[in-house]
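Participant: To be precise about what I am sending: the file is called work16.cif and holds mmCIF, C-alpha atoms; chains and numbers go by the auth columns.
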data_start
#
loop_
_atom_site.group_PDB
_atom_site.id
_atom_site.type_symbol
_atom_site.label_atom_id
_atom_site.label_comp_id
_atom_site.label_asym_id
_atom_site.label_seq_id
_atom_site.Cartn_x
_atom_site.Cartn_y
_atom_site.Cartn_z
_atom_site.B_iso_or_equiv
_atom_site.auth_seq_id
_atom_site.auth_asym_id
ATOM 1 C CA MET A 1 2.314 21.045 -2.721 0.00 1 A
ATOM 2 C CA SER A 2 5.133 23.483 -2.112 0.00 2 A
ATOM 3 C CA ASP A 3 8.808 22.976 -2.940 0.00 3 A
ATOM 4 C CA GLU A 4 9.285 20.599 -0.016 0.00 4 A
ATOM 5 C CA ILE A 5 10.356 17.122 -1.096 0.00 5 A
ATOM 6 C CA VAL A 6 8.324 13.967 -0.559 0.00 6 A
ATOM 7 C CA SER A 7 10.550 11.263 0.898 0.00 7 A
ATOM 8 C CA MET A 8 10.085 7.616 1.764 0.00 8 A
ATOM 9 C CA LYS A 9 11.027 5.758 4.892 0.00 9 A
ATOM 10 C CA THR A 10 10.638 2.254 6.160 0.00 10 A
ATOM 11 C CA ALA A 11 8.161 2.252 9.040 0.00 11 A
ATOM 12 C CA THR A 12 9.409 0.949 12.382 0.00 12 A
ATOM 13 C CA ALA A 13 7.755 0.251 15.716 0.00 13 A
ATOM 14 C CA ALA A 14 8.446 3.878 16.671 0.00 14 A
ATOM 15 C CA ASP A 15 6.059 4.941 13.879 0.00 15 A
ATOM 16 C CA GLY A 16 3.053 3.141 15.372 0.00 16 A
ATOM 17 C CA GLN A 17 1.110 6.303 16.187 0.00 17 A
ATOM 18 C CA ILE A 18 1.877 7.916 12.813 0.00 18 A
ATOM 19 C CA VAL A 19 0.813 4.782 10.915 0.00 19 A
ATOM 20 C CA LEU A 20 -2.364 4.334 12.943 0.00 20 A
ATOM 21 C CA GLN A 21 -3.424 7.966 12.464 0.00 21 A
ATOM 22 C CA LEU A 22 -2.652 7.786 8.734 0.00 22 A
ATOM 23 C CA LEU A 23 -4.659 4.589 8.271 0.00 23 A
ATOM 24 C CA GLN A 24 -7.611 6.023 10.193 0.00 24 A
ATOM 25 C CA GLN A 25 -7.596 9.140 7.995 0.00 25 A
ATOM 26 C CA LEU A 26 -7.239 7.067 4.829 0.00 26 A
ATOM 27 C CA GLN A 27 -10.198 4.920 5.847 0.00 27 A
ATOM 28 C CA LYS A 28 -12.344 8.066 6.111 0.00 28 A
ATOM 29 C CA GLU A 29 -11.249 9.309 2.675 0.00 29 A
ATOM 30 C CA SER A 30 -11.453 6.153 0.583 0.00 30 A
ATOM 31 C CA ASN A 31 -13.316 2.891 0.189 0.00 31 A
ATOM 32 C CA VAL A 32 -10.129 0.891 -0.452 0.00 32 A
ATOM 33 C CA VAL A 33 -8.613 0.764 3.050 0.00 33 A
ATOM 34 C CA LEU A 34 -9.808 -2.649 4.200 0.00 34 A
ATOM 35 C CA ILE A 35 -8.284 -3.182 7.643 0.00 35 A
ATOM 36 C CA ALA A 36 -10.436 -5.129 10.058 0.00 36 A
ATOM 37 C CA HIS A 37 -10.853 -3.580 13.504 0.00 37 A
ATOM 38 C CA LEU A 38 -8.938 -0.424 12.585 0.00 38 A
ATOM 39 C CA ASP A 39 -11.371 1.626 14.672 0.00 39 A
ATOM 40 C CA THR A 40 -10.362 -0.284 17.820 0.00 40 A
ATOM 41 C CA MET A 41 -6.630 -0.698 17.105 0.00 41 A
ATOM 42 C CA SER A 42 -4.278 0.833 19.661 0.00 42 A
ATOM 43 C CA VAL A 43 -0.943 2.538 19.114 0.00 43 A
ATOM 44 C CA ALA A 44 0.698 -0.304 21.056 0.00 44 A
ATOM 45 C CA LYS A 45 -0.819 -2.895 18.696 0.00 45 A
ATOM 46 C CA ALA A 46 0.208 -0.889 15.605 0.00 46 A
ATOM 47 C CA SER A 47 3.749 -0.597 16.989 0.00 47 A
ATOM 48 C CA ALA A 48 3.877 -4.320 17.779 0.00 48 A
ATOM 49 C CA ASP A 49 2.676 -5.175 14.254 0.00 49 A
ATOM 50 C CA LEU A 50 5.336 -2.906 12.724 0.00 50 A
ATOM 51 C CA ASP A 51 7.998 -4.444 14.969 0.00 51 A
ATOM 52 C CA GLN A 52 6.971 -7.940 13.854 0.00 52 A
ATOM 53 C CA LEU A 53 7.245 -6.968 10.158 0.00 53 A
ATOM 54 C CA SER A 54 10.482 -4.992 10.528 0.00 54 A
ATOM 55 C CA GLY A 55 13.645 -6.480 9.108 0.00 55 A
ATOM 56 C CA ARG A 56 11.956 -9.365 7.293 0.00 56 A
ATOM 57 C CA ASP A 57 12.605 -10.097 3.646 0.00 57 A
ATOM 58 C CA ASP A 58 8.979 -11.041 2.941 0.00 58 A
ATOM 59 C CA SER A 59 7.221 -7.933 4.260 0.00 59 A
ATOM 60 C CA LEU A 60 7.556 -4.190 3.903 0.00 60 A
ATOM 61 C CA VAL A 61 5.892 -1.046 5.237 0.00 61 A
ATOM 62 C CA LEU A 62 6.887 2.210 3.557 0.00 62 A
ATOM 63 C CA LEU A 63 5.697 5.675 4.465 0.00 63 A
ATOM 64 C CA ALA A 64 5.606 8.621 2.074 0.00 64 A
ATOM 65 C CA MET A 65 6.532 11.675 4.116 0.00 65 A
ATOM 66 C CA TYR A 66 5.902 15.317 3.244 0.00 66 A
ATOM 67 C CA GLY A 67 8.113 17.034 5.737 0.00 67 A
ATOM 68 C CA LYS A 68 7.156 15.401 9.030 0.00 68 A
ATOM 69 C CA GLN A 69 3.648 14.413 7.876 0.00 69 A
ATOM 70 C CA ALA A 70 2.888 10.873 6.675 0.00 70 A
ATOM 71 C CA ILE A 71 0.826 11.230 3.500 0.00 71 A
ATOM 72 C CA GLY A 72 0.945 7.737 2.039 0.00 72 A
ATOM 73 C CA ILE A 73 1.628 4.146 2.924 0.00 73 A
ATOM 74 C CA LEU A 74 2.569 0.958 1.149 0.00 74 A
ATOM 75 C CA THR A 75 2.420 -2.468 2.729 0.00 75 A
ATOM 76 C CA VAL A 76 3.591 -5.856 1.525 0.00 76 A
ATOM 77 C CA THR A 77 2.526 -8.809 3.630 0.00 77 A
ATOM 78 C CA PRO A 78 3.367 -12.438 2.862 0.00 78 A
ATOM 79 C CA ALA A 79 0.695 -14.707 1.382 0.00 79 A
ATOM 80 C CA ASP A 80 0.576 -18.507 1.363 0.00 80 A
ATOM 81 C CA ASP A 81 1.797 -18.729 -2.248 0.00 81 A
ATOM 82 C CA ASN A 82 5.176 -17.014 -1.524 0.00 82 A
ATOM 83 C CA GLN A 83 3.912 -13.789 -3.018 0.00 83 A
ATOM 84 C CA GLY A 84 3.441 -10.534 -1.175 0.00 84 A
ATOM 85 C CA GLU A 85 0.017 -8.916 -0.944 0.00 85 A
ATOM 86 C CA LEU A 86 0.516 -5.257 -1.828 0.00 86 A
ATOM 87 C CA GLY A 87 -1.586 -2.418 -0.462 0.00 87 A
ATOM 88 C CA VAL A 88 -1.075 1.268 -1.172 0.00 88 A
ATOM 89 C CA ALA A 89 -2.976 4.408 -0.190 0.00 89 A
ATOM 90 C CA VAL A 90 -2.324 8.143 -0.319 0.00 90 A
ATOM 91 C CA LEU A 91 -4.173 10.949 1.452 0.00 91 A
ATOM 92 C CA LYS A 92 -6.718 12.560 -0.863 0.00 92 A
ATOM 93 C CA ASP A 93 -5.066 16.002 -0.701 0.00 93 A
ATOM 94 C CA TYR A 94 -1.971 14.440 -2.296 0.00 94 A
ATOM 95 C CA TRP A 95 -3.584 12.372 -5.058 0.00 95 A
ATOM 96 C CA HIS A 96 -2.299 12.858 -8.632 0.00 96 A
ATOM 97 C CA ASN A 97 1.212 13.875 -7.553 0.00 97 A
ATOM 98 C CA GLY A 98 2.985 10.586 -8.331 0.00 98 A
ATOM 99 C CA ILE A 99 3.230 9.483 -4.702 0.00 99 A
ATOM 100 C CA GLY A 100 1.426 6.167 -5.184 0.00 100 A
ATOM 101 C CA THR A 101 3.552 5.464 -8.249 0.00 101 A
ATOM 102 C CA MET A 102 6.706 6.230 -6.271 0.00 102 A
ATOM 103 C CA LEU A 103 5.672 3.837 -3.485 0.00 103 A
ATOM 104 C CA VAL A 104 4.749 0.970 -5.832 0.00 104 A
ATOM 105 C CA ASP A 105 7.920 1.453 -7.873 0.00 105 A
ATOM 106 C CA GLU A 106 9.956 1.172 -4.670 0.00 106 A
ATOM 107 C CA ALA A 107 8.099 -2.036 -3.729 0.00 107 A
ATOM 108 C CA VAL A 108 8.939 -3.575 -7.124 0.00 108 A
ATOM 109 C CA TYR A 109 12.600 -2.583 -6.634 0.00 109 A
ATOM 110 C CA TRP A 110 12.548 -4.116 -3.136 0.00 110 A
ATOM 111 C CA LEU A 111 10.998 -7.317 -4.545 0.00 111 A
ATOM 112 C CA ASN A 112 13.742 -7.695 -7.136 0.00 112 A
ATOM 113 C CA HIS A 113 16.716 -6.773 -4.938 0.00 113 A
ATOM 114 C CA TYR A 114 15.954 -7.583 -1.304 0.00 114 A
ATOM 115 C CA SER A 115 12.932 -9.847 -0.960 0.00 115 A
ATOM 116 C CA SER A 116 12.644 -13.625 -0.791 0.00 116 A
ATOM 117 C CA LEU A 117 9.167 -13.464 -2.360 0.00 117 A
ATOM 118 C CA ASN A 118 8.432 -14.798 -5.863 0.00 118 A
ATOM 119 C CA GLY A 119 6.240 -11.825 -6.708 0.00 119 A
ATOM 120 C CA LEU A 120 3.693 -9.252 -5.620 0.00 120 A
ATOM 121 C CA LYS A 121 -0.063 -9.397 -6.036 0.00 121 A
ATOM 122 C CA LEU A 122 -2.939 -7.031 -5.487 0.00 122 A
ATOM 123 C CA ASP A 123 -6.577 -6.372 -6.239 0.00 123 A
ATOM 124 C CA VAL A 124 -7.662 -3.071 -7.751 0.00 124 A
ATOM 125 C CA PHE A 125 -11.289 -2.047 -8.182 0.00 125 A
ATOM 126 C CA THR A 126 -12.290 -1.657 -11.843 0.00 126 A
ATOM 127 C CA SER A 127 -13.525 1.830 -10.965 0.00 127 A
ATOM 128 C CA ASN A 128 -9.956 2.861 -10.072 0.00 128 A
ATOM 129 C CA GLN A 129 -8.698 3.118 -13.650 0.00 129 A
ATOM 130 C CA ARG A 130 -5.824 5.435 -12.771 0.00 130 A
ATOM 131 C CA ALA A 131 -4.327 2.958 -10.271 0.00 131 A
ATOM 132 C CA HIS A 132 -4.906 0.081 -12.710 0.00 132 A
ATOM 133 C CA ALA A 133 -2.896 1.934 -15.377 0.00 133 A
ATOM 134 C CA ILE A 134 -0.073 2.668 -12.922 0.00 134 A
ATOM 135 C CA TYR A 135 0.162 -0.985 -11.883 0.00 135 A
ATOM 136 C CA LYS A 136 0.310 -2.102 -15.526 0.00 136 A
ATOM 137 C CA ARG A 137 3.014 0.464 -16.286 0.00 137 A
ATOM 138 C CA LEU A 138 5.081 -0.836 -13.346 0.00 138 A
ATOM 139 C CA GLY A 139 4.978 -4.464 -14.526 0.00 139 A
ATOM 140 C CA PHE A 140 1.803 -5.908 -13.015 0.00 140 A
ATOM 141 C CA VAL A 141 -0.323 -8.146 -15.240 0.00 141 A
ATOM 142 C CA GLU A 142 -3.988 -9.027 -14.945 0.00 142 A
ATOM 143 C CA ILE A 143 -4.632 -12.575 -13.780 0.00 143 A
ATOM 144 C CA GLY A 144 -8.420 -12.465 -13.326 0.00 144 A
ATOM 145 C CA THR A 145 -11.329 -10.687 -11.723 0.00 145 A
ATOM 146 C CA ARG A 146 -13.442 -11.321 -8.657 0.00 146 A
ATOM 147 C CA GLN A 147 -16.369 -9.828 -6.817 0.00 147 A
ATOM 148 C CA THR A 148 -15.548 -8.332 -3.435 0.00 148 A
ATOM 149 C CA LYS A 149 -16.826 -5.719 -1.031 0.00 149 A
ATOM 150 C CA ASP A 150 -15.197 -2.342 -0.499 0.00 150 A
ATOM 151 C CA ALA A 151 -14.725 -0.734 2.916 0.00 151 A
ATOM 152 C CA ALA A 152 -18.266 0.681 2.737 0.00 152 A
ATOM 153 C CA GLY A 153 -19.676 -2.817 2.160 0.00 153 A
ATOM 154 C CA ASN A 154 -20.591 -2.202 -1.489 0.00 154 A
ATOM 155 C CA GLU A 155 -20.106 -5.023 -3.987 0.00 155 A
ATOM 156 C CA GLN A 156 -17.303 -4.211 -6.449 0.00 156 A
ATOM 157 C CA THR A 157 -15.484 -5.963 -9.248 0.00 157 A
ATOM 158 C CA ALA A 158 -11.769 -6.192 -8.566 0.00 158 A
ATOM 159 C CA ILE A 159 -9.023 -6.951 -11.051 0.00 159 A
ATOM 160 C CA MET A 160 -6.462 -9.362 -9.626 0.00 160 A
ATOM 161 C CA MET A 161 -2.933 -8.427 -10.689 0.00 161 A
ATOM 162 C CA SER A 162 0.495 -9.946 -10.193 0.00 162 A
ATOM 163 C CA CYS A 163 4.080 -8.760 -10.646 0.00 163 A
ATOM 164 C CA PRO A 164 6.623 -11.585 -10.845 0.00 164 A
ATOM 165 C CA ARG A 165 10.126 -11.239 -9.504 0.00 165 A
ATOM 166 C CA ASN A 166 12.654 -10.398 -12.241 0.00 166 A
#
Could you render the structure from this file as structure tokens?
Facilitator:
Amino acid sequence: MSDEIVSMKTATAADGQIVLQLLQQLQKESNVVLIAHLDTMSVAKASADLDQLSGRDDSLVLLAMYGKQAIGILTVTPADDNQGELGVAVLKDYWHNGIGTMLVDEAVYWLNHYSSLNGLKLDVFTSNQRAHAIYKRLGFVEIGTRQTKDAAGNEQTAIMMSCPRN
């Protein structure tokens, strides 16, 4: 990465095309992007989904931007237990630059200052030790494990983690 700064922005309906293209690229690069029907999603549907989530205090979509290019995304969507399900992904060319940490840290800040949720939760594959360590450092605790399938359909063990509201 050059001297250009990575910034964050809240995604809006106007970002539908950017978000859709980013998610499609992320799905090609990683086995953790688990979005059903992503291959058939339209820009209009992505924009409508972003519009529906915008301005709520129980959901969040953040984009990590490198100049005008979206390089990472964080989503928080409400779950039945008044917690937010957290998802985060960064383009492979930008791994190990602190971008995922920056996004998750911002989500924890949002939880504690702006959200109506009681906490955040996520699953992280046991093979993703780096992400697991980041989540622990940012206040997430392990609450169990479960067997699940990754985006390629392979059986994986996932660590369930939770971050309560402070």
Participant: Which of these residues is nearest to Asp57 in chain A, using all atoms listed in the file: A:Leu111, A:Val33, A:Ile18, A:Ala44?
Facilitator: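 Among A:Leu111, A:Val33, A:Ile18, A:Ala44, it is A:Leu111 that comes nearest to Asp57 in chain A.
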Participant: For Ala151 in chain A, which residue out of A:Ser30, A:Asn118, A:Ser7, A:Thr40 is the nearest one, using all atoms listed in the file?
Facilitator: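 Counting all atoms listed in the file, the residue closest to Ala151 in chain A is A:Ser30.
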Participant: May I ask for the distance between CA of Thr126 in chain A and CA of Asp150 in chain A, given in Å to one decimal place?
Facilitator: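 Computed distance, CA of Thr126 in chain A to CA of Asp150 in chain A, equals 11.7 Å.
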Participant: Name the residues in contact with Tyr109 in chain A at a cut-off of 12 Å, using only C-alpha atoms, excluding same-chain residues fewer than 5 positions from it; report them as a CSV table (one decimal) with C-alpha atoms, in the frame of the given file.
Facilitator:
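That gives us part03.csv:
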chain,number,residue,atom,x,y,z
A,60,LEU,CA,7.6,-4.2,3.9
A,102,MET,CA,6.7,6.2,-6.3
A,103,LEU,CA,5.7,3.8,-3.5
A,104,VAL,CA,4.7,1.0,-5.8
A,114,TYR,CA,16.0,-7.6,-1.3
A,115,SER,CA,12.9,-9.8,-1.0
A,119,GLY,CA,6.2,-11.8,-6.7
A,120,LEU,CA,3.7,-9.3,-5.6
A,138,LEU,CA,5.1,-0.8,-13.3
A,139,GLY,CA,5.0,-4.5,-14.5
A,163,CYS,CA,4.1,-8.8,-10.6
A,164,PRO,CA,6.6,-11.6,-10.8
A,165,ARG,CA,10.1,-11.2,-9.5
A,166,ASN,CA,12.7,-10.4,-12.2
Participant: Would you pick out the contacts of Pro78 in chain A at 8 Å or less, using all atoms listed in the file, so that residues sharing its chain but fewer than 4 positions from it are not included, and give the list as a ChimeraX atom specification?
Facilitator: /A:58-59,82-85,117
Participant: List, as a PDB file with C-alpha atoms, in the frame of the given file, every residue that the PyMOL selection byres ((chain A and resi 31) around 10) selects in the file provided.
Facilitator:
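Final file, out.pdb:
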ATOM      1  CA  LEU A  26      -7.239   7.067   4.829  1.00  0.00           C
ATOM      2  CA  GLN A  27     -10.198   4.920   5.847  1.00  0.00           C
ATOM      3  CA  LYS A  28     -12.344   8.066   6.111  1.00  0.00           C
ATOM      4  CA  GLU A  29     -11.249   9.309   2.675  1.00  0.00           C
ATOM      5  CA  SER A  30     -11.453   6.153   0.583  1.00  0.00           C
ATOM      6  CA  VAL A  32     -10.129   0.891  -0.452  1.00  0.00           C
ATOM      7  CA  VAL A  33      -8.613   0.764   3.050  1.00  0.00           C
ATOM      8  CA  LEU A  34      -9.808  -2.649   4.200  1.00  0.00           C
ATOM      9  CA  PHE A 125     -11.289  -2.047  -8.182  1.00  0.00           C
ATOM     10  CA  LYS A 149     -16.826  -5.719  -1.031  1.00  0.00           C
ATOM     11  CA  ASP A 150     -15.197  -2.342  -0.499  1.00  0.00           C
ATOM     12  CA  ALA A 151     -14.725  -0.734   2.916  1.00  0.00           C
ATOM     13  CA  ALA A 152     -18.266   0.681   2.737  1.00  0.00           C
ATOM     14  CA  GLY A 153     -19.676  -2.817   2.160  1.00  0.00           C
ATOM     15  CA  ASN A 154     -20.591  -2.202  -1.489  1.00  0.00           C
TER      16      ASN A 154
END
Participant: Between CA of Val43 in chain A and CA of Glu106 in chain A, what is the distance, to one decimal in Å?
Facilitator: 26.2 Å
Participant: How many Å separate CA of Lys92 in chain A from CA of Ile134 in chain A?
Facilitator: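 Going from CA of Lys92 in chain A over to CA of Ile134 in chain A covers 17.0 Å.
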Participant: Please identify all polymer residues within 12 Å of Lys68 in chain A, counting all atoms listed in the file, omitting same-chain residues fewer than 5 positions from it, and present them as a list of chain:residue names.
Facilitator: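 Those residues are A:Glu4, A:Ile5, A:Val6, A:Ser7, A:Met8, A:Lys9, A:Asp15, A:Ile18, A:Leu63.
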Participant: Quick one: write out the picked residues with C-alpha atoms as a CSV table (one decimal), in the frame of the given file?
Facilitator:
chain,number,residue,atom,x,y,z
A,4,GLU,CA,9.3,20.6,0.0
A,5,ILE,CA,10.4,17.1,-1.1
A,6,VAL,CA,8.3,14.0,-0.6
A,7,SER,CA,10.6,11.3,0.9
A,8,MET,CA,10.1,7.6,1.8
A,9,LYS,CA,11.0,5.8,4.9
A,15,ASP,CA,6.1,4.9,13.9
A,18,ILE,CA,1.9,7.9,12.8
A,63,LEU,CA,5.7,5.7,4.5
Participant: If we draw a sphere of 7 Å around (-0.9, -9.7, -9.3), which residues have at least one atom in it when counting only C-alpha atoms? Please report them as a ChimeraX atom specification.
Facilitator: /A:120-122,140-143,160-163
Participant: Which is closer to Asp51 in chain A than all the others in A:Ala70, A:Ala13, A:Val88, A:Thr75, using all atoms listed in the file?
Facilitator: A:Ala13
Participant: Quick one: residues within 10 Å of Tyr94 in chain A, all atoms listed in the file, excluding same-chain residues fewer than 6 positions away - as a list in words?
Facilitator: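 The residues satisfying every condition are Met1, Tyr66, Ile71, Gly72 and Gly100 of chain A.
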Participant: For the residues selected in the previous step, produce a file with C-alpha atoms as a PDB file, in the frame of the given file.
Facilitator:
ATOM      1  CA  MET A   1       2.314  21.045  -2.721  1.00  0.00           C
ATOM      2  CA  TYR A  66       5.902  15.317   3.244  1.00  0.00           C
ATOM      3  CA  ILE A  71       0.826  11.230   3.500  1.00  0.00           C
ATOM      4  CA  GLY A  72       0.945   7.737   2.039  1.00  0.00           C
ATOM      5  CA  GLY A 100       1.426   6.167  -5.184  1.00  0.00           C
TER       6      GLY A 100
END
Participant: If the PyMOL selection byres ((chain A and resi 38) around 9) were run on this exact file, what residues would it hold? Put them as a VMD selection string.
Facilitator: chain A and resid 20 23 to 24 27 34 to 37 39 to 42
Participant: Please produce an output containing C-alpha atoms for each residue in the selection, written as an mmCIF file, in the coordinates of the input.
Facilitator:
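Output contents, as saved in part-v2.cif:
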data_model
loop_
_atom_site.group_PDB
_atom_site.id
_atom_site.type_symbol
_atom_site.label_atom_id
_atom_site.label_comp_id
_atom_site.auth_asym_id
_atom_site.auth_seq_id
_atom_site.Cartn_x
_atom_site.Cartn_y
_atom_site.Cartn_z
ATOM 1 C CA LEU A 20 -2.364 4.334 12.943
ATOM 2 C CA LEU A 23 -4.659 4.589 8.271
ATOM 3 C CA GLN A 24 -7.611 6.023 10.193
ATOM 4 C CA GLN A 27 -10.198 4.920 5.847
ATOM 5 C CA LEU A 34 -9.808 -2.649 4.200
ATOM 6 C CA ILE A 35 -8.284 -3.182 7.643
ATOM 7 C CA ALA A 36 -10.436 -5.129 10.058
ATOM 8 C CA HIS A 37 -10.853 -3.580 13.504
ATOM 9 C CA ASP A 39 -11.371 1.626 14.672
ATOM 10 C CA THR A 40 -10.362 -0.284 17.820
ATOM 11 C CA MET A 41 -6.630 -0.698 17.105
ATOM 12 C CA SER A 42 -4.278 0.833 19.661
#
